[in-house]
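Engineer: Below is the file entry_23.txt, with compact mmCIF, C-alpha atoms.
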```
# COMPACT_ATOMS: atom_id res chain seq x y z
CA MET A 1 20.43 28.56 36.00
CA ALA A 2 20.43 32.31 36.59
CA ALA A 3 22.38 33.64 39.52
CA PRO A 4 20.41 34.68 42.64
CA GLY A 5 19.03 38.17 42.30
CA SER A 6 19.44 38.28 38.52
CA THR A 7 16.58 39.18 36.22
CA LEU A 8 15.32 36.20 34.26
CA PRO A 9 14.29 36.78 30.64
CA PRO A 10 10.52 36.86 30.04
CA LEU A 11 8.66 33.88 28.63
CA GLY A 12 7.40 36.02 25.76
CA PRO A 13 4.34 36.26 23.47
CA GLY A 14 5.24 33.08 21.60
CA TYR A 15 4.97 31.14 24.84
CA ARG A 16 1.60 32.75 25.59
CA ARG A 17 0.23 31.47 22.28
CA LEU A 18 1.56 27.99 23.00
CA LEU A 19 -0.01 28.25 26.44
CA ALA A 20 -3.38 29.22 24.93
CA ALA A 21 -3.26 26.27 22.54
CA GLY A 22 -2.51 23.93 25.43
CA ALA A 23 -5.32 25.36 27.56
CA LEU A 24 -7.97 25.03 24.83
CA GLY A 25 -6.83 21.57 23.79
CA ASN A 26 -6.78 20.31 27.35
CA LEU A 27 -10.19 21.75 28.14
CA GLY A 28 -11.44 19.51 25.34
CA ASP A 29 -9.38 16.59 26.63
CA GLY A 30 -10.92 17.09 30.07
CA ILE A 31 -14.35 16.71 28.51
CA ALA A 32 -13.23 13.53 26.76
CA LEU A 33 -11.76 12.20 30.00
CA VAL A 34 -15.29 11.90 31.36
CA ALA A 35 -17.47 11.75 28.25
CA LEU A 36 -15.74 8.95 26.37
CA PRO A 37 -15.59 6.33 29.17
CA TRP A 38 -19.00 7.31 30.52
CA TYR A 39 -20.59 7.04 27.09
CA THR A 40 -18.92 3.65 26.65
CA ALA A 41 -20.23 2.53 30.05
CA THR A 42 -23.77 3.41 28.91
CA LEU A 43 -23.29 1.06 25.96
CA THR A 44 -21.83 -1.83 27.97
CA GLY A 45 -20.91 -2.79 31.51
CA ASP A 46 -18.21 -5.18 30.31
CA PRO A 47 -14.86 -4.10 31.85
CA VAL A 48 -13.01 -5.60 28.90
CA ALA A 49 -14.92 -3.45 26.39
CA VAL A 50 -14.38 -0.33 28.49
CA ALA A 51 -10.67 -1.17 28.75
CA VAL A 52 -10.42 -1.65 24.97
CA VAL A 53 -11.63 1.93 24.43
CA ALA A 54 -9.06 3.18 26.93
CA ALA A 55 -6.33 1.14 25.26
CA ALA A 56 -7.27 2.41 21.80
CA GLY A 57 -6.55 5.98 22.86
CA ARG A 58 -3.05 5.04 24.03
CA LEU A 59 -2.15 2.50 21.34
CA PRO A 60 -0.92 5.16 18.85
CA TRP A 61 1.98 5.97 21.19
CA LEU A 62 3.57 2.79 19.86
CA GLY A 63 3.96 4.73 16.59
CA ALA A 64 5.36 7.86 18.19
CA LEU A 65 8.74 7.29 16.54
CA VAL A 66 7.25 8.32 13.21
CA ALA A 67 5.83 11.48 14.79
CA GLY A 68 9.25 12.28 16.21
CA ALA A 69 11.00 11.84 12.87
CA VAL A 70 8.47 14.07 11.13
CA GLY A 71 8.83 16.67 13.90
CA ASP A 72 12.58 16.85 13.29
CA ARG A 73 12.28 17.43 9.55
CA MET A 74 9.49 20.04 9.25
CA ASP A 75 8.15 23.15 10.94
CA ARG A 76 6.89 21.94 14.31
CA ARG A 77 4.13 24.53 14.59
CA ARG A 78 2.68 23.48 11.24
CA LEU A 79 2.75 19.84 12.29
CA MET A 80 0.81 20.67 15.45
CA VAL A 81 -1.73 22.64 13.41
CA ARG A 82 -2.35 19.69 11.10
CA ALA A 83 -2.66 17.26 14.01
CA GLY A 84 -5.10 19.54 15.84
CA ALA A 85 -7.25 19.98 12.72
CA GLY A 86 -7.39 16.22 12.20
CA LYS A 87 -8.49 15.70 15.79
CA ALA A 88 -11.29 18.26 15.42
CA LEU A 89 -12.53 16.53 12.27
CA VAL A 90 -12.68 13.10 13.91
CA LEU A 91 -14.62 14.52 16.86
CA VAL A 92 -17.13 16.25 14.58
CA VAL A 93 -17.84 12.90 12.91
CA LEU A 94 -18.15 11.12 16.27
CA ALA A 95 -20.55 13.80 17.56
CA ALA A 96 -22.72 13.44 14.46
CA LEU A 97 -22.83 9.64 14.74
CA ALA A 98 -23.64 9.79 18.46
CA ALA A 99 -26.45 12.25 17.78
CA VAL A 100 -28.21 9.75 15.50
CA GLY A 101 -27.46 6.71 17.66
CA ALA A 102 -24.92 5.26 15.22
CA ALA A 103 -21.89 5.15 17.54
CA PRO A 104 -21.65 1.67 19.11
CA VAL A 105 -18.53 0.46 20.91
CA PRO A 106 -16.55 -0.37 17.71
CA VAL A 107 -17.12 3.17 16.41
CA VAL A 108 -16.00 4.63 19.74
CA VAL A 109 -12.86 2.46 19.63
CA ALA A 110 -12.08 3.67 16.10
CA ALA A 111 -12.61 7.30 17.10
CA ALA A 112 -10.41 6.91 20.19
CA LEU A 113 -7.70 5.38 18.01
CA LEU A 114 -7.78 8.20 15.43
CA VAL A 115 -7.87 10.93 18.08
CA GLY A 116 -4.94 9.18 19.74
CA VAL A 117 -2.93 9.33 16.51
CA CYS A 118 -3.52 13.08 16.26
CA GLU A 119 -2.58 13.58 19.91
CA VAL A 120 0.70 11.70 19.47
CA PHE A 121 1.78 14.13 16.76
CA PHE A 122 0.45 17.14 18.66
CA ASP A 123 1.79 16.36 22.14
CA ASN A 124 5.20 15.05 21.14
CA THR A 125 5.79 18.05 18.90
CA ALA A 126 4.65 20.46 21.61
CA GLN A 127 7.41 19.27 23.96
CA SER A 128 10.06 19.67 21.26
CA LEU A 129 8.70 23.12 20.35
CA MET A 130 8.92 24.43 23.92
CA PRO A 131 12.73 25.00 24.06
CA MET A 132 12.45 26.84 20.72
CA VAL A 133 10.02 29.32 22.30
CA VAL A 134 11.45 29.98 25.78
CA PRO A 135 15.00 30.39 27.18
CA ARG A 136 16.65 27.24 28.55
CA GLU A 137 17.02 28.72 32.04
CA ARG A 138 13.24 29.15 32.27
CA LEU A 139 12.16 25.69 31.15
CA GLU A 140 11.08 24.53 34.63
CA ARG A 141 8.90 27.60 35.07
CA ALA A 142 7.52 27.42 31.52
CA ASN A 143 6.72 23.72 31.75
CA GLY A 144 5.22 24.06 35.23
CA MET A 145 3.00 26.97 34.19
CA LEU A 146 1.89 25.15 31.04
CA TRP A 147 0.93 22.00 32.92
CA SER A 148 -0.80 24.05 35.61
CA VAL A 149 -2.98 25.79 33.03
CA GLU A 150 -3.60 22.51 31.21
CA GLU A 151 -4.65 20.76 34.41
CA VAL A 152 -6.97 23.60 35.43
CA ALA A 153 -8.53 23.55 31.97
CA GLY A 154 -8.64 19.78 31.65
CA ARG A 155 -9.82 18.62 35.04
CA PHE A 156 -11.04 21.61 37.05
CA ALA A 157 -13.06 22.97 34.15
CA GLY A 158 -13.27 20.20 31.54
CA ALA A 159 -14.18 17.24 33.74
CA PRO A 160 -17.06 18.95 35.61
CA LEU A 161 -18.24 20.56 32.36
CA ALA A 162 -18.29 17.11 30.80
CA GLY A 163 -20.70 15.92 33.48
CA VAL A 164 -23.11 18.67 32.48
CA LEU A 165 -22.66 18.06 28.76
CA VAL A 166 -23.09 14.29 29.07
CA ALA A 167 -26.35 14.93 30.92
CA VAL A 168 -27.50 16.77 27.79
CA SER A 169 -26.12 14.26 25.29
CA ALA A 170 -22.90 12.54 24.29
CA ALA A 171 -23.09 14.41 20.99
CA ALA A 172 -22.97 17.73 22.83
CA ALA A 173 -19.87 16.64 24.74
CA PHE A 174 -18.02 15.43 21.64
CA GLY A 175 -19.07 18.51 19.67
CA ALA A 176 -17.76 20.84 22.36
CA GLN A 177 -14.45 18.99 22.31
CA ALA A 178 -14.24 19.44 18.53
CA LEU A 179 -14.76 23.20 18.86
CA LEU A 180 -12.03 23.45 21.48
CA ALA A 181 -9.60 21.48 19.32
CA ALA A 182 -10.29 23.95 16.52
CA GLY A 183 -9.64 26.81 18.95
CA ALA A 184 -6.23 25.34 19.81
CA VAL A 185 -5.40 25.31 16.11
CA GLY A 186 -6.34 28.99 15.90
CA ALA A 187 -3.98 29.84 18.76
CA LEU A 188 -1.13 28.05 17.02
CA LEU A 189 -1.81 29.87 13.77
CA ALA A 190 -1.14 33.12 15.65
CA LEU A 191 2.33 31.87 16.64
CA ARG A 192 4.70 33.49 14.16
CA GLY A 193 8.11 32.26 13.10
CA ASP A 194 9.89 29.36 11.46
CA PHE A 195 10.11 26.42 13.85
CA THR A 196 12.00 24.00 11.64
CA PRO A 197 14.83 22.50 13.79
CA VAL A 198 17.50 23.09 11.11
CA ALA A 199 16.60 24.54 7.73
CA GLY A 200 16.22 21.64 5.29
CA ALA A 201 17.38 19.07 7.86
CA GLY A 202 16.47 15.50 6.97
CA ALA A 203 14.47 16.53 3.92
CA ALA A 204 15.98 13.80 1.73
CA VAL A 205 16.69 11.28 4.50
CA PRO A 206 14.32 8.29 4.78
CA LEU A 207 12.13 8.29 7.88
CA ARG A 208 13.55 4.96 9.03
CA VAL A 209 17.03 6.49 9.13
CA LEU A 210 15.82 9.49 11.13
CA VAL A 211 13.92 7.21 13.51
CA GLY A 212 16.99 5.04 13.97
CA GLU A 213 19.13 8.03 14.96
CA GLY A 214 16.68 9.03 17.68
CA VAL A 215 16.35 5.50 19.05
CA ARG A 216 20.10 4.95 19.13
CA TRP A 217 20.72 8.27 20.89
CA LEU A 218 18.15 7.45 23.59
CA TRP A 219 19.30 3.87 24.09
CA GLY A 220 22.92 4.99 24.31
CA HIS A 221 22.11 7.42 27.14
CA ARG A 222 21.95 5.35 30.31
CA LEU A 223 20.00 7.82 32.44
CA LEU A 224 17.33 8.63 29.85
CA ARG A 225 17.01 4.96 28.94
CA THR A 226 16.38 4.07 32.58
CA LEU A 227 13.94 6.95 33.01
CA ALA A 228 12.01 5.81 29.94
CA VAL A 229 11.72 2.23 31.20
CA VAL A 230 10.66 3.32 34.69
CA LEU A 231 8.12 5.71 33.18
CA GLY A 232 6.78 2.91 31.00
CA LEU A 233 6.19 0.64 33.98
CA SER A 234 4.75 3.51 36.02
CA ASN A 235 2.34 4.37 33.22
CA LEU A 236 1.41 0.72 32.88
CA ALA A 237 0.34 0.88 36.53
CA ALA A 238 -1.52 4.17 36.05
CA SER A 239 -3.33 2.92 32.94
CA MET A 240 -4.58 -0.13 34.85
CA ASN A 241 -6.42 2.24 37.17
CA ALA A 242 -7.64 4.53 34.42
CA ALA A 243 -9.06 1.66 32.38
CA VAL A 244 -11.56 0.60 35.05
CA LEU A 245 -11.93 3.93 36.86
CA VAL A 246 -15.33 4.76 35.43
CA LEU A 247 -16.72 1.40 36.59
CA PHE A 248 -14.89 1.67 39.94
CA ALA A 249 -16.38 5.11 40.54
CA ARG A 250 -19.88 4.05 39.57
CA ASP A 251 -20.09 0.55 41.06
CA VAL A 252 -17.68 0.74 44.03
CA LEU A 253 -17.71 4.38 45.13
CA GLY A 254 -21.31 4.92 44.02
CA VAL A 255 -20.98 8.22 42.12
CA GLY A 256 -22.75 9.39 38.95
CA ALA A 257 -21.43 11.18 35.88
CA ALA A 258 -21.07 14.54 37.63
CA GLY A 259 -19.43 12.90 40.64
CA PHE A 260 -17.07 11.01 38.37
CA GLY A 261 -16.01 14.28 36.79
CA LEU A 262 -15.37 15.78 40.23
CA LEU A 263 -13.33 12.75 41.28
CA LEU A 264 -11.03 13.31 38.34
CA THR A 265 -10.27 16.80 39.63
CA ALA A 266 -8.42 15.28 42.61
CA VAL A 267 -5.34 14.58 40.53
CA SER A 268 -5.66 18.04 39.00
CA VAL A 269 -5.71 19.71 42.42
CA GLY A 270 -2.42 18.04 43.24
CA MET A 271 -0.86 18.81 39.86
CA VAL A 272 -1.89 22.47 39.95
CA LEU A 273 -0.51 22.83 43.47
CA GLY A 274 2.66 21.15 42.28
CA ALA A 275 2.98 23.45 39.29
CA GLN A 276 2.90 26.49 41.57
CA VAL A 277 5.69 25.36 43.89
CA VAL A 278 7.73 22.58 42.28
CA HIS A 279 9.92 24.94 40.24
CA ARG A 280 10.93 26.50 43.57
CA LEU A 281 11.58 23.12 45.17
CA VAL A 282 13.73 21.81 42.31
CA PRO A 283 16.89 23.67 43.48
CA LEU A 284 16.25 22.65 47.11
CA VAL A 285 15.51 18.93 46.80
CA ALA A 286 17.93 16.56 45.12
CA PRO A 287 16.40 15.18 41.90
CA GLY A 288 17.11 11.57 42.86
CA VAL A 289 15.14 12.02 46.08
CA ALA A 290 12.25 13.69 44.26
CA LEU A 291 11.97 10.90 41.66
CA ALA A 292 11.95 8.12 44.27
CA ALA A 293 9.43 10.03 46.41
CA ALA A 294 7.05 10.43 43.45
CA LEU A 295 6.98 6.67 42.89
CA ALA A 296 6.58 5.96 46.61
CA VAL A 297 3.56 8.26 46.91
CA GLN A 298 2.06 6.64 43.83
CA ALA A 299 2.48 3.16 45.36
CA VAL A 300 0.88 4.10 48.68
CA GLY A 301 -1.94 5.99 47.00
CA TYR A 302 -2.93 3.14 44.69
CA LEU A 303 -2.85 0.57 47.51
CA LEU A 304 -5.04 2.72 49.78
CA VAL A 305 -7.60 3.45 47.05
CA GLY A 306 -7.82 -0.24 46.16
CA SER A 307 -8.31 -1.37 49.75
CA VAL A 308 -10.28 1.46 51.41
CA HIS A 309 -13.36 2.19 49.31
CA ARG A 310 -14.17 5.74 50.36
CA VAL A 311 -14.53 8.80 48.19
CA TRP A 312 -12.48 10.94 50.58
CA VAL A 313 -9.64 8.40 50.56
CA PHE A 314 -9.62 8.48 46.77
CA ALA A 315 -9.56 12.29 46.80
CA VAL A 316 -6.73 12.62 49.32
CA CYS A 317 -4.58 9.95 47.70
CA PHE A 318 -4.96 11.28 44.18
CA VAL A 319 -4.24 14.85 45.25
CA ALA A 320 -0.93 13.56 46.61
CA VAL A 321 -0.29 11.47 43.49
CA GLY A 322 -1.03 14.49 41.30
CA PHE A 323 1.38 16.72 43.23
CA PHE A 324 4.28 14.29 42.94
CA THR A 325 3.42 13.46 39.33
CA MET A 326 3.90 17.14 38.52
CA TRP A 327 7.22 17.11 40.36
CA TRP A 328 8.35 14.09 38.32
CA ASN A 329 7.23 15.75 35.09
CA VAL A 330 8.94 19.08 35.72
CA VAL A 331 12.24 17.40 36.64
CA THR A 332 12.31 14.84 33.82
CA VAL A 333 10.87 16.86 30.94
CA SER A 334 13.10 19.86 31.65
CA LEU A 335 16.06 17.48 31.90
CA ARG A 336 15.31 15.98 28.49
CA GLN A 337 14.85 19.38 26.89
CA ARG A 338 18.26 20.45 28.23
CA ILE A 339 20.43 17.46 27.42
CA VAL A 340 19.09 16.26 24.06
CA PRO A 341 20.57 18.03 21.00
CA GLY A 342 18.00 20.33 19.37
CA HIS A 343 18.11 18.69 15.94
CA LEU A 344 17.33 15.30 17.56
CA LEU A 345 14.89 16.47 20.20
CA SER A 346 11.60 15.48 18.57
CA ARG A 347 12.90 12.03 17.64
CA VAL A 348 14.44 11.32 21.04
CA LEU A 349 11.29 12.53 22.80
CA ALA A 350 9.25 10.24 20.56
CA ALA A 351 11.48 7.26 21.31
CA TYR A 352 11.31 8.10 25.02
CA ARG A 353 7.53 8.39 24.97
CA THR A 354 7.14 5.24 22.89
CA VAL A 355 8.77 3.36 25.76
CA GLY A 356 7.10 5.51 28.42
CA TRP A 357 3.57 5.49 26.99
CA GLY A 358 3.59 2.39 24.80
CA THR A 359 2.85 0.30 27.88
CA ALA A 360 -0.42 2.15 28.54
CA PRO A 361 -2.61 0.00 26.25
CA VAL A 362 -1.04 -3.12 27.77
CA GLY A 363 -1.96 -1.92 31.25
CA ALA A 364 -5.48 -1.01 30.19
CA LEU A 365 -6.15 -4.38 28.60
CA ALA A 366 -4.55 -6.20 31.54
CA ALA A 367 -6.83 -4.34 33.95
CA GLY A 368 -9.95 -5.21 32.00
CA GLY A 369 -8.94 -8.85 31.75
CA LEU A 370 -7.98 -9.04 35.42
CA ALA A 371 -11.30 -7.55 36.56
CA ALA A 372 -13.32 -9.81 34.27
CA MET A 373 -11.41 -12.91 35.42
CA LEU A 374 -11.74 -12.15 39.13
CA GLU A 375 -15.37 -11.00 39.22
CA PRO A 376 -16.89 -14.52 39.35
CA VAL A 377 -14.47 -15.40 42.17
CA VAL A 378 -14.32 -12.33 44.44
CA GLY A 379 -17.29 -10.26 43.30
CA ARG A 380 -17.51 -7.02 41.35
CA VAL A 381 -16.24 -4.68 44.09
CA TRP A 382 -12.94 -6.45 44.66
CA ALA A 383 -12.55 -7.35 40.99
CA LEU A 384 -12.63 -3.64 40.13
CA SER A 385 -10.26 -2.94 43.04
CA ALA A 386 -7.70 -5.50 41.87
CA PRO A 387 -6.10 -3.25 39.20
CA PHE A 388 -5.42 -0.56 41.84
CA LEU A 389 -3.79 -3.09 44.15
CA ALA A 390 -1.67 -4.58 41.37
CA ALA A 391 -0.63 -1.08 40.27
CA GLY A 392 0.40 -0.26 43.85
CA VAL A 393 2.61 -3.33 44.10
CA LEU A 394 4.29 -2.55 40.77
CA SER A 395 4.90 1.06 41.83
CA ALA A 396 6.51 -0.13 45.07
CA VAL A 397 8.99 -2.21 43.06
CA LEU A 398 9.82 0.87 40.98
CA VAL A 399 10.77 2.82 44.12
CA ALA A 400 13.68 0.43 44.65
CA VAL A 401 14.73 0.70 41.01
CA SER A 402 14.64 4.49 41.17
CA ALA A 403 16.68 4.66 44.37
CA ALA A 404 19.38 2.48 42.80
CA ARG A 405 19.55 3.87 39.25
CA LEU A 406 17.94 7.33 39.10
CA THR A 407 20.31 8.98 41.52
CA THR A 408 21.13 12.65 41.92
CA ARG A 409 24.71 11.90 40.88
CA ALA A 410 23.48 10.39 37.59
CA VAL A 411 21.26 13.41 36.87
CA ARG A 412 24.06 15.91 37.58
CA ALA A 413 26.46 13.98 35.38
CA ALA A 414 23.98 14.01 32.50
CA GLU A 415 23.46 17.77 32.84
CA ALA A 416 27.21 18.37 32.93
CA GLY A 417 27.72 16.32 29.79
CA ALA A 418 25.01 18.19 27.90
CA GLY A 419 27.37 21.08 27.21
CA SER A 420 29.07 19.03 24.51
CA HIS A 421 25.88 18.78 22.47
CA THR A 422 25.19 21.25 19.69
CA ARG A 423 21.77 22.80 20.09
CA SER A 424 19.45 24.44 17.62
CA THR A 425 16.80 26.99 18.50
CA GLY A 426 15.27 27.23 15.08
CA THR A 427 15.33 29.87 12.39
CA GLN A 428 13.88 33.17 13.59
CA THR A 429 11.73 35.18 11.25
CA SER A 430 10.09 37.52 13.76
CA PRO A 431 11.28 39.21 16.97
CA GLU A 432 8.69 37.43 19.13
CA ALA A 433 9.45 33.91 17.98
CA VAL A 434 12.36 32.18 19.62
CA ASP A 435 15.20 34.54 20.58
CA PRO A 436 16.47 33.10 23.88
CA SER A 437 17.72 36.48 25.06
CA SER A 438 14.46 38.40 24.63
CA PRO A 439 11.55 36.26 23.41
```
Before anything else, please render the file you have as structure tokens.
Structural biologist:
Amino acid sequence: MAAPGSTLPPLGPGYRRLLAAGALGNLGDGIALVALPWYTATLTGDPVAVAVVAAAGRLPWLGALVAGAVGDRMDRRRLMVRAGAGKALVLVVLAALAAVGAAPVPVVVAAALLVGVCEVFFDNTAQSLMPMVVPRERLERANGMLWSVEEVAGRFAGAPLAGVLVAVSAAAAFGAQALLAAGAVGALLALRGDFTPVAGAGAAVPLRVLVGEGVRWLWGHRLLRTLAVVLGLSNLAASMNAAVLVLFARDVLGVGAAGFGLLLTAVSVGMVLGAQVVHRLVPLVAPGVALAAALAVQAVGYLLVGSVHRVWVFAVCFVAVGFFTMWWNVVTVSLRQRIVPGHLLSRVLAAYRTVGWGTAPVGALAAGGLAAMLEPVVGRVWALSAPFLAAGVLSAVLVAVSAARLTTRAVRAAEAGAGSHTRSTGTQTSPEAVDPSSP
């Protein structure tokens, strides 16, 4: 970290282009956050079917290891461009099918699955590209600003906009998302430079060998291994809520499509607030305390939402959850970007996120099955509340795990040991690209 009073290097034009790509892509994702589940709910009221669509979007994270290996053997910007273009194409097809009434639930599931594959390549590569674009000492600020912009675009703008677009037609919503995905590709095309981790690295090495290196590095690092497992269980809890949220909002809280979009902004409010201040709090609050607090707030929030069925309770709780989620993200993502060797970063991130996000489809399907099983016994309201309550209990267990294993001492030791790793910042071909001293 820079000494007090010193001048930090600027984030640079390369970062601004990455920021623009993230903003456009997440504006489209914000539209999908409302449009996809709401469109599915118009086709069926079955919580299992709605959960299957949610699970399909997360299922590709189980294949993130392949994305990580590819991201460590080719130019990362080019990989993101290809993934973004593929996503836009899938959405164009879905919009066309929805326009002519030829997009039943199985088609929506297939589209969610394909979009999910593209997002795995895009999102995993974006995290490994970040430390090639900005100086290491500014990663907290760069990540916080990026997530702030993405949340504003995705939930403040995208979710409410989706409510308007869905009122016009599902095809309009999916078409707008396709255009925004194409815009993100355009922003990345303006990012100049060679972003290959090491020139020619891994070109002749089989993917399974590259994948194995990343998995072994992660599993041999006790702190990151524990963080990945805790994240996986936390995301399992979160995905239980997300899977039935559209039905919970409509049938329990009594809101329509526009109201559903506004509800989703609650998390965004918290995350945007967090992005503005968390990078200042990181030096003041011990990381072990921050990680445990994030899980504790998540536990309390889920339990309150599941037991007190009021819109204002949902809003307050999810603002708090969003704030502490941002804190968790800034601490853990910046930590990973610092301590993982540059030539392994994409693969280790992929292995980490396979564990951390691979549980999401399990949670989504479990929520749908739980709600469907309980509805004949306790009624629809409490059946749709059950996933929130179960997620709260699981999150409470994770607080104890975090307090015991994710300690400040463990984090400091990992950062101190990172100095022995050889890092790569990529091959520079233009002054704006990746020079850590003056990007």
Engineer: Could you check how far CA of Thr407 (chain A) sits from CA of Tyr302 (chain A), in Å to one decimal?
Structural biologist: 24.2 Å
Engineer: Counting only C-alpha atoms, which residues come within 12 Å of (-8.6, 3.4, 36.5), with the point read in the file's coordinates, and could you list them as a PDB file with C-alpha atoms, keeping the file's coordinate frame?
Structural biologist:
```
ATOM      1  CA  LEU A  33     -11.760  12.200  30.000  1.00  0.00           C
ATOM      2  CA  VAL A  34     -15.290  11.900  31.360  1.00  0.00           C
ATOM      3  CA  PRO A  37     -15.590   6.330  29.170  1.00  0.00           C
ATOM      4  CA  PRO A  47     -14.860  -4.100  31.850  1.00  0.00           C
ATOM      5  CA  VAL A  50     -14.380  -0.330  28.490  1.00  0.00           C
ATOM      6  CA  ALA A  51     -10.670  -1.170  28.750  1.00  0.00           C
ATOM      7  CA  ALA A  54      -9.060   3.180  26.930  1.00  0.00           C
ATOM      8  CA  ALA A  55      -6.330   1.140  25.260  1.00  0.00           C
ATOM      9  CA  ASN A 235       2.340   4.370  33.220  1.00  0.00           C
ATOM     10  CA  LEU A 236       1.410   0.720  32.880  1.00  0.00           C
ATOM     11  CA  ALA A 237       0.340   0.880  36.530  1.00  0.00           C
ATOM     12  CA  ALA A 238      -1.520   4.170  36.050  1.00  0.00           C
ATOM     13  CA  SER A 239      -3.330   2.920  32.940  1.00  0.00           C
ATOM     14  CA  MET A 240      -4.580  -0.130  34.850  1.00  0.00           C
ATOM     15  CA  ASN A 241      -6.420   2.240  37.170  1.00  0.00           C
ATOM     16  CA  ALA A 242      -7.640   4.530  34.420  1.00  0.00           C
ATOM     17  CA  ALA A 243      -9.060   1.660  32.380  1.00  0.00           C
ATOM     18  CA  VAL A 244     -11.560   0.600  35.050  1.00  0.00           C
ATOM     19  CA  LEU A 245     -11.930   3.930  36.860  1.00  0.00           C
ATOM     20  CA  VAL A 246     -15.330   4.760  35.430  1.00  0.00           C
ATOM     21  CA  LEU A 247     -16.720   1.400  36.590  1.00  0.00           C
ATOM     22  CA  PHE A 248     -14.890   1.670  39.940  1.00  0.00           C
ATOM     23  CA  ALA A 249     -16.380   5.110  40.540  1.00  0.00           C
ATOM     24  CA  ARG A 250     -19.880   4.050  39.570  1.00  0.00           C
ATOM     25  CA  PHE A 260     -17.070  11.010  38.370  1.00  0.00           C
ATOM     26  CA  LEU A 263     -13.330  12.750  41.280  1.00  0.00           C
ATOM     27  CA  LEU A 264     -11.030  13.310  38.340  1.00  0.00           C
ATOM     28  CA  TYR A 302      -2.930   3.140  44.690  1.00  0.00           C
ATOM     29  CA  VAL A 305      -7.600   3.450  47.050  1.00  0.00           C
ATOM     30  CA  GLY A 306      -7.820  -0.240  46.160  1.00  0.00           C
ATOM     31  CA  PHE A 314      -9.620   8.480  46.770  1.00  0.00           C
ATOM     32  CA  PHE A 318      -4.960  11.280  44.180  1.00  0.00           C
ATOM     33  CA  ALA A 360      -0.420   2.150  28.540  1.00  0.00           C
ATOM     34  CA  GLY A 363      -1.960  -1.920  31.250  1.00  0.00           C
ATOM     35  CA  ALA A 364      -5.480  -1.010  30.190  1.00  0.00           C
ATOM     36  CA  LEU A 365      -6.150  -4.380  28.600  1.00  0.00           C
ATOM     37  CA  ALA A 366      -4.550  -6.200  31.540  1.00  0.00           C
ATOM     38  CA  ALA A 367      -6.830  -4.340  33.950  1.00  0.00           C
ATOM     39  CA  GLY A 368      -9.950  -5.210  32.000  1.00  0.00           C
ATOM     40  CA  ALA A 371     -11.300  -7.550  36.560  1.00  0.00           C
ATOM     41  CA  LEU A 384     -12.630  -3.640  40.130  1.00  0.00           C
ATOM     42  CA  SER A 385     -10.260  -2.940  43.040  1.00  0.00           C
ATOM     43  CA  ALA A 386      -7.700  -5.500  41.870  1.00  0.00           C
ATOM     44  CA  PRO A 387      -6.100  -3.250  39.200  1.00  0.00           C
ATOM     45  CA  PHE A 388      -5.420  -0.560  41.840  1.00  0.00           C
ATOM     46  CA  LEU A 389      -3.790  -3.090  44.150  1.00  0.00           C
ATOM     47  CA  ALA A 390      -1.670  -4.580  41.370  1.00  0.00           C
ATOM     48  CA  ALA A 391      -0.630  -1.080  40.270  1.00  0.00           C
TER      49      ALA A 391
END
```
Engineer: Could you check which of A:Val381, A:Val152, A:Leu79, A:Ser234 is closest to Val269 (chain A), using only C-alpha atoms?
Structural biologist: A:Val152
Engineer: Of the residues A:Thr359, A:Leu19, A:Leu227, A:Leu233, which is the one nearest to Ala403 (chain A), using only C-alpha atoms?
Structural biologist: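 Distance minimum relative to Ala403 (chain A) lands on A:Leu227.
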Engineer: Residues of region 274-364 of chain A within 10 Å of region 209-213 of chain A: nearest atom pair and distance (Å, one decimal) for each, counting all atoms listed in the file, sorted by chain and number, as JSON lines?
Structural biologist:
```
{"residue": "A:Leu344", "atom": "CA", "partner": "A:Glu213", "partner_atom": "CA", "distance": 7.9}
{"residue": "A:Ser346", "atom": "CA", "partner": "A:Val211", "partner_atom": "CA", "distance": 10.0}
{"residue": "A:Arg347", "atom": "CA", "partner": "A:Val211", "partner_atom": "CA", "distance": 6.4}
{"residue": "A:Val348", "atom": "CA", "partner": "A:Glu213", "partner_atom": "CA", "distance": 8.4}
{"residue": "A:Ala350", "atom": "CA", "partner": "A:Val211", "partner_atom": "CA", "distance": 9.0}
{"residue": "A:Ala351", "atom": "CA", "partner": "A:Val211", "partner_atom": "CA", "distance": 8.2}
```
Engineer: Could you turn the residues from that selection into a file that holds C-alpha atoms, as a PDB file, in the coordinates of the input?
Structural biologist:
```
ATOM      1  CA  LEU A 344      17.330  15.300  17.560  1.00  0.00           C
ATOM      2  CA  SER A 346      11.600  15.480  18.570  1.00  0.00           C
ATOM      3  CA  ARG A 347      12.900  12.030  17.640  1.00  0.00           C
ATOM      4  CA  VAL A 348      14.440  11.320  21.040  1.00  0.00           C
ATOM      5  CA  ALA A 350       9.250  10.240  20.560  1.00  0.00           C
ATOM      6  CA  ALA A 351      11.480   7.260  21.310  1.00  0.00           C
TER       7      ALA A 351
END
```
Engineer: In Å, with one decimal, what is the gap from CA of Phe121 (chain A) to CA of Leu262 (chain A)?
Structural biologist: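 CA of Leu262 (chain A) lies at a distance of 29.1 Å from CA of Phe121 (chain A).
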Engineer: Hey, can you check how far CA of Leu161 (chain A) sits from CA of Gly116 (chain A)?
Structural biologist: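 For CA of Leu161 (chain A) relative to CA of Gly116 (chain A), the distance reads 21.6 Å.
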Engineer: When you look at Leu189 (chain A) with a cut-off of 9 Å (counting all atoms listed in the file), what residues show up, excluding the ones that are within fewer than 4 positions of it in the same chain? I need them as a tab-separated table (two decimals) with C-alpha atoms, keeping the file's coordinate frame.
Structural biologist:
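As written to disk, around.tsv reads:
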```tsv
chain	number	residue	atom	x	y	z
A	17	ARG	CA	0.23	31.47	22.28
A	77	ARG	CA	4.13	24.53	14.59
A	78	ARG	CA	2.68	23.48	11.24
A	81	VAL	CA	-1.73	22.64	13.41
A	184	ALA	CA	-6.23	25.34	19.81
A	185	VAL	CA	-5.40	25.31	16.11
```
